[in-house]
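Q: First the structure, then my questions, so here it is.
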Amino acid sequence: VDNNQLAHRLSALVGDAHVLTDPALKASYETDFTGRFTGRSRLVVRPADTEQVAGIVGLCRAEGIPLVPQGGNTGLVGASVPTGTEIVLSLGRLTEIGPVDEAARQVTVGAGVPLAEVQRRVRPYGLAFGVDLAARDSATIGGMIATNAGGERVVRYGTTRANVAGLEAVLPDGSVLSRLTGLPKDNTGYDLTGLLVGSEGTLAVLTRARLRLVPIQPRRVTALLALPSIEQAITALTAVRALESLELAEFFLPEGLSLVMAQTGLPAPFGAEYPVYLLVECAGRQDPTEELAEVLDDADILDMAVAVQASDRHRLAAYRDRHTESINAEGIPLKLDVTLPLDEVAGFVRDLPDLLPKRVRPILFGHLAEGNLHVNLLDVASSDEDAVSETVLRRVAAAGGSISAEHGIGRAKAHYLSLSRSPAEIAAMRAVKAALDPTGILSPGTLLP
Ligand code: LAC
Ligand code: ZN
């Protein structure tokens, strides 16, 4: 079918207003927010519900038209950006939120609901979704599940996988899988929900999710610690991990802090610059300030800012949260997102500059409790990108780490998958892909090259 016929048939399913063929209207769906991944799509289609999604997928399957599902387009590995032959299937209109089940502590939401909207909706019940991340206003639940997003609260609540009780999804043949009861005990065969979490749009189009919720911990303290080294930051982290109330342990370095201050106009947090910064937050039913001070008593802390009021806490958190946007303002970074065993983190940070061409500026920050480093490289010549990525990712793999901690594989890391996965694992993944999507219409080029 040519594009006009396709647009016509899709319009019959979703309405004229929701099939975008005008290049100006399509543009924001064709480039990711860092500007690194960009491509063309045949058109963009915006269904309103599961039935319309099933209709679109069925049509694409019948006509052999590839499609790329897209949520808030905040992904960082190019998994939801088209390359030319696909249509973009935007889930942004699937925004229904069901009643909050207080007894089960669950809620069913549409794939297109932004994270911040879920949090707003469940807050009056004293509940929260356990996953939180800097892109909360745009990132959608469907996209977060497709990437198994991690974020800043993993140390307490786990990744998205641990917070999803069930899914509804459209398979490439147009059939609908629905597992939304959220039963905490349900041993009836393969865990299809678990399989689709982290599948990056390659196995199914996610349409709804049953989310687990956690009680809001009303008393909160945030502290920004200045430390002499990564080793000492890990010692401090080990100390705070003794606390059940620990929700967040994020690190950043002076180079990143300077960019954030320059971009945002925030004042320096301390009178001097220090080698490493660790942002920690504890929350409980009782004020955790005292227990935090207690466990940090022996740590080698050079300076510290502590905040209890929400506005003060948010000001401290901003030094960390605003890293991504501040880096983007400097240029299009080469982004690597790796995990290392904790005892390898300091050595990696020390060795990194020697692995890079001289002019490259590494900006590191991330989730220290998981050994998850966001390696942002500015000023990498485009001819050096592949070599630089491979060198750094090989170093990570050699240290027993993972080449993707939380952003996924997407298109960006597909060629490096074998650094983190064995031939047997990749063969098993290919077999699953072939069984569910035999003609390969879903997100071609993502995850499995
Ligand atoms: C963060 C995103 C980049 O941690 O993963 O801010
Ligand atoms: Zn992150």
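Identifiers for the structure tokens are assigned positionally: chains receive A, B, ... in sequence, residues are indexed from 1 per chain, and ligands are indexed from 1 in the order shown.
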Could you list, as a PyMOL selection string, every residue within 8 Å of region 134-136 of chain A, counting only C-alpha atoms and ignoring same-chain residues fewer than 5 positions away?
A: chain A and resi 74+114-116+151+321-322
Q: Can you write out the residues you just picked, keeping C-alpha atoms, as a PDB file, in the first residue's frame?
A:
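File part_27.pdb, as written:
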```pdb
ATOM      1  CA  THR A  74      12.336  10.289  26.597  1.00  0.00           C
ATOM      2  CA  PRO A 114       3.015  10.158  32.357  1.00  0.00           C
ATOM      3  CA  LEU A 115       4.718   9.026  35.550  1.00  0.00           C
ATOM      4  CA  ALA A 116       4.049  12.330  37.333  1.00  0.00           C
ATOM      5  CA  GLY A 151      15.670   5.692  38.223  1.00  0.00           C
ATOM      6  CA  ASP A 321      18.325  15.905  38.658  1.00  0.00           C
ATOM      7  CA  ARG A 322      19.328  18.667  36.287  1.00  0.00           C
TER       8      ARG A 322
END
```
Q: May I have the residues within 8 Å of ligand 1, computed using only C-alpha atoms and all ligand atoms, as a PDB file with all heavy atoms, in the first residue's frame?
A:
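Output file result.pdb is given in full below:
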```pdb
ATOM      1  N   LEU A  76      16.704   6.921  25.690  1.00  0.00           N
ATOM      2  CA  LEU A  76      18.058   7.414  25.427  1.00  0.00           C
ATOM      3  C   LEU A  76      18.870   6.487  24.535  1.00  0.00           C
ATOM      4  O   LEU A  76      20.073   6.681  24.369  1.00  0.00           O
ATOM      5  CB  LEU A  76      18.780   7.638  26.765  1.00  0.00           C
ATOM      6  CG  LEU A  76      18.186   8.790  27.597  1.00  0.00           C
ATOM      7  CD1 LEU A  76      18.695   8.757  29.028  1.00  0.00           C
ATOM      8  CD2 LEU A  76      18.483  10.132  26.946  1.00  0.00           C
ATOM      9  N   LEU A 133      11.941   9.079  38.441  1.00  0.00           N
ATOM     10  CA  LEU A 133      13.095   9.462  37.629  1.00  0.00           C
ATOM     11  C   LEU A 133      12.944  10.901  37.147  1.00  0.00           C
ATOM     12  O   LEU A 133      11.855  11.486  37.200  1.00  0.00           O
ATOM     13  CB  LEU A 133      13.301   8.492  36.450  1.00  0.00           C
ATOM     14  CG  LEU A 133      12.072   7.891  35.768  1.00  0.00           C
ATOM     15  CD1 LEU A 133      11.471   8.882  34.813  1.00  0.00           C
ATOM     16  CD2 LEU A 133      12.470   6.620  35.043  1.00  0.00           C
ATOM     17  N   ALA A 134      14.080  11.454  36.687  1.00  0.00           N
ATOM     18  CA  ALA A 134      14.127  12.885  36.384  1.00  0.00           C
ATOM     19  C   ALA A 134      13.145  13.281  35.275  1.00  0.00           C
ATOM     20  O   ALA A 134      12.623  14.387  35.260  1.00  0.00           O
ATOM     21  CB  ALA A 134      15.555  13.292  36.012  1.00  0.00           C
ATOM     22  N   ALA A 135      12.858  12.366  34.341  1.00  0.00           N
ATOM     23  CA  ALA A 135      11.973  12.685  33.209  1.00  0.00           C
ATOM     24  C   ALA A 135      10.502  12.465  33.556  1.00  0.00           C
ATOM     25  O   ALA A 135       9.661  12.289  32.668  1.00  0.00           O
ATOM     26  CB  ALA A 135      12.355  11.844  31.994  1.00  0.00           C
ATOM     27  N   GLY A 150      14.773   2.279  35.613  1.00  0.00           N
ATOM     28  CA  GLY A 150      15.272   2.164  36.989  1.00  0.00           C
ATOM     29  C   GLY A 150      14.994   3.437  37.751  1.00  0.00           C
ATOM     30  O   GLY A 150      14.012   3.563  38.454  1.00  0.00           O
ATOM     31  N   GLY A 151      15.880   4.412  37.573  1.00  0.00           N
ATOM     32  CA  GLY A 151      15.670   5.692  38.223  1.00  0.00           C
ATOM     33  C   GLY A 151      16.284   5.741  39.599  1.00  0.00           C
ATOM     34  O   GLY A 151      17.232   5.027  39.907  1.00  0.00           O
ATOM     35  N   GLU A 152      15.713   6.623  40.426  1.00  0.00           N
ATOM     36  CA  GLU A 152      16.403   7.051  41.635  1.00  0.00           C
ATOM     37  C   GLU A 152      15.985   6.323  42.910  1.00  0.00           C
ATOM     38  O   GLU A 152      16.551   6.581  43.956  1.00  0.00           O
ATOM     39  CB  GLU A 152      16.193   8.561  41.803  1.00  0.00           C
ATOM     40  CG  GLU A 152      16.714   9.341  40.603  1.00  0.00           C
ATOM     41  CD  GLU A 152      16.692  10.842  40.804  1.00  0.00           C
ATOM     42  OE1 GLU A 152      16.019  11.298  41.740  1.00  0.00           O
ATOM     43  OE2 GLU A 152      17.370  11.538  40.013  1.00  0.00           O
ATOM     44  N   ARG A 320      21.518  17.185  41.230  1.00  0.00           N
ATOM     45  CA  ARG A 320      21.611  15.874  40.588  1.00  0.00           C
ATOM     46  C   ARG A 320      20.632  15.757  39.404  1.00  0.00           C
ATOM     47  O   ARG A 320      21.016  15.359  38.303  1.00  0.00           O
ATOM     48  CB  ARG A 320      21.324  14.794  41.642  1.00  0.00           C
ATOM     49  CG  ARG A 320      20.751  13.499  41.120  1.00  0.00           C
ATOM     50  CD  ARG A 320      21.714  12.794  40.169  1.00  0.00           C
ATOM     51  NE  ARG A 320      21.150  11.564  39.641  1.00  0.00           N
ATOM     52  CZ  ARG A 320      20.490  11.443  38.509  1.00  0.00           C
ATOM     53  NH1 ARG A 320      20.269  12.496  37.744  1.00  0.00           N
ATOM     54  NH2 ARG A 320      20.040  10.276  38.113  1.00  0.00           N
ATOM     55  N   ASP A 321      19.371  16.136  39.661  1.00  0.00           N
ATOM     56  CA  ASP A 321      18.325  15.905  38.658  1.00  0.00           C
ATOM     57  C   ASP A 321      18.548  16.681  37.370  1.00  0.00           C
ATOM     58  O   ASP A 321      18.108  16.264  36.309  1.00  0.00           O
ATOM     59  CB  ASP A 321      16.959  16.309  39.219  1.00  0.00           C
ATOM     60  CG  ASP A 321      16.225  15.132  39.830  1.00  0.00           C
ATOM     61  OD1 ASP A 321      16.837  14.049  39.947  1.00  0.00           O
ATOM     62  OD2 ASP A 321      15.046  15.299  40.184  1.00  0.00           O
ATOM     63  N   ARG A 322      19.222  17.821  37.469  1.00  0.00           N
ATOM     64  CA  ARG A 322      19.328  18.667  36.287  1.00  0.00           C
ATOM     65  C   ARG A 322      20.592  18.392  35.479  1.00  0.00           C
ATOM     66  O   ARG A 322      20.933  19.139  34.574  1.00  0.00           O
ATOM     67  CB  ARG A 322      19.161  20.132  36.695  1.00  0.00           C
ATOM     68  CG  ARG A 322      17.777  20.310  37.358  1.00  0.00           C
ATOM     69  CD  ARG A 322      17.395  21.731  37.587  1.00  0.00           C
ATOM     70  NE  ARG A 322      17.113  22.434  36.351  1.00  0.00           N
ATOM     71  CZ  ARG A 322      16.703  23.702  36.308  1.00  0.00           C
ATOM     72  NH1 ARG A 322      16.514  24.361  37.424  1.00  0.00           N
ATOM     73  NH2 ARG A 322      16.472  24.283  35.148  1.00  0.00           N
ATOM     74  N   HIS A 323      21.263  17.290  35.792  1.00  0.00           N
ATOM     75  CA  HIS A 323      22.451  16.918  35.015  1.00  0.00           C
ATOM     76  C   HIS A 323      22.132  16.681  33.534  1.00  0.00           C
ATOM     77  O   HIS A 323      22.796  17.221  32.663  1.00  0.00           O
ATOM     78  CB  HIS A 323      23.104  15.662  35.608  1.00  0.00           C
ATOM     79  CG  HIS A 323      24.240  15.965  36.541  1.00  0.00           C
ATOM     80  ND1 HIS A 323      24.069  16.602  37.743  1.00  0.00           N
ATOM     81  CD2 HIS A 323      25.574  15.719  36.423  1.00  0.00           C
ATOM     82  CE1 HIS A 323      25.256  16.737  38.333  1.00  0.00           C
ATOM     83  NE2 HIS A 323      26.181  16.213  37.552  1.00  0.00           N
ATOM     84  N   THR A 324      21.102  15.859  33.271  1.00  0.00           N
ATOM     85  CA  THR A 324      20.836  15.465  31.879  1.00  0.00           C
ATOM     86  C   THR A 324      20.585  16.688  30.999  1.00  0.00           C
ATOM     87  O   THR A 324      21.189  16.842  29.931  1.00  0.00           O
ATOM     88  CB  THR A 324      19.646  14.489  31.819  1.00  0.00           C
ATOM     89  OG1 THR A 324      20.026  13.296  32.520  1.00  0.00           O
ATOM     90  CG2 THR A 324      19.296  14.114  30.391  1.00  0.00           C
ATOM     91  N   ASP A 337      25.411   3.965  29.601  1.00  0.00           N
ATOM     92  CA  ASP A 337      24.706   3.775  30.870  1.00  0.00           C
ATOM     93  C   ASP A 337      25.092   2.400  31.375  1.00  0.00           C
ATOM     94  O   ASP A 337      24.567   1.399  30.891  1.00  0.00           O
ATOM     95  CB  ASP A 337      23.190   3.878  30.597  1.00  0.00           C
ATOM     96  CG  ASP A 337      22.358   3.229  31.683  1.00  0.00           C
ATOM     97  OD1 ASP A 337      22.663   3.450  32.861  1.00  0.00           O
ATOM     98  OD2 ASP A 337      21.409   2.488  31.340  1.00  0.00           O
ATOM     99  N   PHE A 365      27.711  10.720  36.350  1.00  0.00           N
ATOM    100  CA  PHE A 365      26.830  10.820  37.516  1.00  0.00           C
ATOM    101  C   PHE A 365      25.997   9.553  37.528  1.00  0.00           C
ATOM    102  O   PHE A 365      26.064   8.762  36.574  1.00  0.00           O
ATOM    103  CB  PHE A 365      25.924  12.063  37.428  1.00  0.00           C
ATOM    104  CG  PHE A 365      24.923  12.036  36.290  1.00  0.00           C
ATOM    105  CD1 PHE A 365      23.605  11.648  36.521  1.00  0.00           C
ATOM    106  CD2 PHE A 365      25.295  12.380  35.002  1.00  0.00           C
ATOM    107  CE1 PHE A 365      22.672  11.626  35.480  1.00  0.00           C
ATOM    108  CE2 PHE A 365      24.372  12.352  33.952  1.00  0.00           C
ATOM    109  CZ  PHE A 365      23.061  11.970  34.197  1.00  0.00           C
ATOM    110  N   GLY A 366      25.227   9.361  38.581  1.00  0.00           N
ATOM    111  CA  GLY A 366      24.358   8.195  38.542  1.00  0.00           C
ATOM    112  C   GLY A 366      23.958   7.679  39.902  1.00  0.00           C
ATOM    113  O   GLY A 366      24.010   8.386  40.904  1.00  0.00           O
ATOM    114  N   HIS A 367      23.540   6.428  39.858  1.00  0.00           N
ATOM    115  CA  HIS A 367      22.872   5.791  40.986  1.00  0.00           C
ATOM    116  C   HIS A 367      23.893   4.899  41.686  1.00  0.00           C
ATOM    117  O   HIS A 367      24.101   3.758  41.280  1.00  0.00           O
ATOM    118  CB  HIS A 367      21.684   4.982  40.468  1.00  0.00           C
ATOM    119  CG  HIS A 367      20.878   5.713  39.416  1.00  0.00           C
ATOM    120  ND1 HIS A 367      20.000   6.725  39.733  1.00  0.00           N
ATOM    121  CD2 HIS A 367      20.842   5.613  38.064  1.00  0.00           C
ATOM    122  CE1 HIS A 367      19.436   7.193  38.615  1.00  0.00           C
ATOM    123  NE2 HIS A 367      19.939   6.537  37.592  1.00  0.00           N
ATOM    124  N   HIS A 374      26.130   6.901  34.729  1.00  0.00           N
ATOM    125  CA  HIS A 374      25.774   7.498  33.450  1.00  0.00           C
ATOM    126  C   HIS A 374      27.020   8.176  32.906  1.00  0.00           C
ATOM    127  O   HIS A 374      27.469   9.186  33.441  1.00  0.00           O
ATOM    128  CB  HIS A 374      24.618   8.487  33.608  1.00  0.00           C
ATOM    129  CG  HIS A 374      23.342   7.803  33.992  1.00  0.00           C
ATOM    130  ND1 HIS A 374      22.903   6.657  33.366  1.00  0.00           N
ATOM    131  CD2 HIS A 374      22.415   8.081  34.936  1.00  0.00           C
ATOM    132  CE1 HIS A 374      21.773   6.267  33.908  1.00  0.00           C
ATOM    133  NE2 HIS A 374      21.443   7.104  34.860  1.00  0.00           N
ATOM    134  N   GLU A 406      20.033   0.665  32.794  1.00  0.00           N
ATOM    135  CA  GLU A 406      18.607   0.979  32.884  1.00  0.00           C
ATOM    136  C   GLU A 406      18.033   1.603  31.625  1.00  0.00           C
ATOM    137  O   GLU A 406      16.829   1.668  31.474  1.00  0.00           O
ATOM    138  CB  GLU A 406      18.340   1.908  34.089  1.00  0.00           C
ATOM    139  CG  GLU A 406      19.172   3.199  34.035  1.00  0.00           C
ATOM    140  CD  GLU A 406      18.835   4.179  35.154  1.00  0.00           C
ATOM    141  OE1 GLU A 406      18.067   3.832  36.056  1.00  0.00           O
ATOM    142  OE2 GLU A 406      19.352   5.309  35.099  1.00  0.00           O
ATOM    143  N   HIS A 407      18.852   2.066  30.704  1.00  0.00           N
ATOM    144  CA  HIS A 407      18.310   2.721  29.512  1.00  0.00           C
ATOM    145  C   HIS A 407      17.954   1.733  28.410  1.00  0.00           C
ATOM    146  O   HIS A 407      17.250   2.085  27.469  1.00  0.00           O
ATOM    147  CB  HIS A 407      19.291   3.768  28.968  1.00  0.00           C
ATOM    148  CG  HIS A 407      19.528   4.890  29.930  1.00  0.00           C
ATOM    149  ND1 HIS A 407      20.529   5.804  29.779  1.00  0.00           N
ATOM    150  CD2 HIS A 407      18.872   5.242  31.073  1.00  0.00           C
ATOM    151  CE1 HIS A 407      20.503   6.672  30.784  1.00  0.00           C
ATOM    152  NE2 HIS A 407      19.513   6.347  31.583  1.00  0.00           N
TER     153      HIS A 407
END
```
Q: At a cut-off of 9 Å, using only C-alpha atoms, what residues contact Leu177 (chain A)? Leave out same-chain residues fewer than 2 positions from it and give the result as a list in words.
A: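 My reading of the contact set: Leu167, Glu168, Ala169, Val170, Leu171, Ser175, Arg179 and Leu192 of chain A.
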Q: Since we have the selection now, will you write its residues out, keeping N, CA, C and O atoms, as a CSV table (one decimal), in the first residue's frame?
A:
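Heads up, here's the output in selection_0.csv:
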```csv
chain,number,residue,atom,x,y,z
A,167,LEU,N,0.0,-6.8,32.9
A,167,LEU,CA,0.0,-6.0,31.7
A,167,LEU,C,-1.1,-6.4,30.8
A,167,LEU,O,-1.5,-7.6,30.8
A,168,GLU,N,-1.5,-5.4,30.0
A,168,GLU,CA,-2.3,-5.7,28.8
A,168,GLU,C,-1.4,-5.3,27.6
A,168,GLU,O,-0.8,-4.2,27.6
A,169,ALA,N,-1.4,-6.1,26.5
A,169,ALA,CA,-0.5,-5.8,25.4
A,169,ALA,C,-1.1,-6.4,24.1
A,169,ALA,O,-1.8,-7.4,24.2
A,170,VAL,N,-0.8,-5.8,23.0
A,170,VAL,CA,-1.2,-6.3,21.7
A,170,VAL,C,0.0,-7.0,21.1
A,170,VAL,O,1.1,-6.4,20.9
A,171,LEU,N,-0.2,-8.2,20.7
A,171,LEU,CA,0.9,-9.0,20.1
A,171,LEU,C,0.9,-8.6,18.6
A,171,LEU,O,0.0,-8.1,18.0
A,175,SER,N,-3.6,-10.0,18.3
A,175,SER,CA,-4.3,-10.5,19.5
A,175,SER,C,-3.9,-9.7,20.7
A,175,SER,O,-2.9,-9.1,20.8
A,179,ARG,N,-3.6,-9.4,31.4
A,179,ARG,CA,-3.3,-10.0,32.7
A,179,ARG,C,-3.3,-8.9,33.6
A,179,ARG,O,-2.2,-8.4,34.1
A,192,LEU,N,4.4,-14.0,31.4
A,192,LEU,CA,4.4,-13.2,30.1
A,192,LEU,C,4.6,-11.7,30.4
A,192,LEU,O,5.2,-11.0,29.7
```
Q: Determine which residues of region 211-308 of chain A DSSP labels as helix (DSSP H, G or I) from the backbone of this structure, then write them out as a tab-separated table (two decimals) with C-alpha atoms, in the first residue's frame.
A:
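out_39.tsv written:
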```tsv
chain	number	residue	atom	x	y	z
A	230	ILE	CA	34.70	7.47	45.21
A	231	GLU	CA	36.03	4.94	47.71
A	232	GLN	CA	34.88	7.14	50.59
A	233	ALA	CA	31.53	7.67	48.86
A	234	ILE	CA	31.08	3.90	48.75
A	235	THR	CA	32.03	3.65	52.42
A	236	ALA	CA	29.38	6.29	53.22
A	237	LEU	CA	26.89	4.43	51.02
A	238	THR	CA	27.59	1.19	52.86
A	239	ALA	CA	26.87	2.99	56.12
A	240	VAL	CA	23.55	4.48	54.98
A	254	PRO	CA	32.66	18.51	40.08
A	255	GLU	CA	32.60	18.63	36.26
A	256	GLY	CA	28.88	17.83	36.19
A	257	LEU	CA	28.13	20.20	39.05
A	258	SER	CA	29.82	23.06	37.16
A	259	LEU	CA	27.68	22.41	34.08
A	260	VAL	CA	24.51	22.31	36.20
A	261	MET	CA	25.38	25.60	37.91
A	262	ALA	CA	26.23	27.26	34.60
A	263	GLN	CA	23.01	26.08	32.96
A	264	THR	CA	20.56	26.57	35.81
A	289	THR	CA	17.28	12.76	60.29
A	290	GLU	CA	18.78	11.45	63.49
A	291	GLU	CA	19.36	7.91	62.30
A	292	LEU	CA	20.99	9.27	59.14
A	293	ALA	CA	23.38	11.42	61.18
A	294	GLU	CA	24.10	8.43	63.40
A	295	VAL	CA	25.15	6.03	60.65
```
Q: Skip region 408-423 of chain A itself and residues of its chain fewer than 2 positions away, then list as a VMD selection string all residues within 9 Å of it, counting only C-alpha atoms.
A: chain A and resid 37 75 to 80 146 to 149 198 to 200 336 to 337 389 to 390 393 to 394 397 to 398 400 to 406 425 to 428 445 to 449
Q: Grab the CA of Phe251 (chain A) to CA of Ala307 (chain A) distance for me, in Å with one decimal place.
A: 17.1 Å
Q: Given only C-alpha atoms and all ligand atoms as the basis, pick out the residue of A:Thr439, A:Asn73, A:Ser382, A:Asn376 nearest to ligand 2.
A: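 Ranking A:Thr439, A:Asn73, A:Ser382, A:Asn376 by distance to ligand 2, first place goes to A:Asn376.
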Q: Run DSSP on the backbone of this structure and report the residues of region 94-297 of chain A it assigns to strand (DSSP E), as a PyMOL selection string.
A: chain A and resi 106-110+127-128+164-170+176-179+205-212+214-215+219-227+246-252+276-284
Q: Which residue gives the smallest distance to ligand 2 among A:Arg212, A:Arg430, A:Arg121, A:Arg153, with only C-alpha atoms and all ligand atoms counted?
A: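 Of A:Arg212, A:Arg430, A:Arg121, A:Arg153, the one nearest ligand 2 is A:Arg153, counting only C-alpha atoms and all ligand atoms.
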Q: By how many Å are CA of Gly189 (chain A) and CA of Gly158 (chain A) apart?
A: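 Those two atoms sit 23.6 Å apart.
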Q: Determine, counting only C-alpha atoms, which protein, DNA and RNA residues have an atom within 8 Å of an atom of region 18-33 of chain A; residues of the same chain fewer than 2 positions away are not included. Present the result as an MDAnalysis selection string.
A: chainID A and resid 7 10:11 14:16 35:47 73:76 78 81:82 88
Q: What's the 12 Å shell around Val380 (chain A), counting only C-alpha atoms, without same-chain residues fewer than 3 positions away, as JSON, numbers by chain?
A: {"A": [331, 332, 333, 334, 335, 356, 357, 358, 359, 360, 361, 362, 376, 377, 383, 384, 385, 386, 387, 388, 389]}
Q: Do you have the CA of Ser326 (chain A)-CA of Asp379 (chain A) distance handy?
A: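 Computed distance, CA of Ser326 (chain A) to CA of Asp379 (chain A), equals 14.6 Å.
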Q: Hey, what's within 9 Å of Leu278 (chain A) if we count only C-alpha atoms and toss same-chain stuff fewer than 3 positions away? As a PyMOL selection string, please?
A: chain A and resi 223-227+233+236-237+249-253+368
Q: For ligand 2, which residue among A:Val131, A:Val345, A:Val280, A:Met304 is the nearest when counting only C-alpha atoms and all ligand atoms?
A: A:Val131
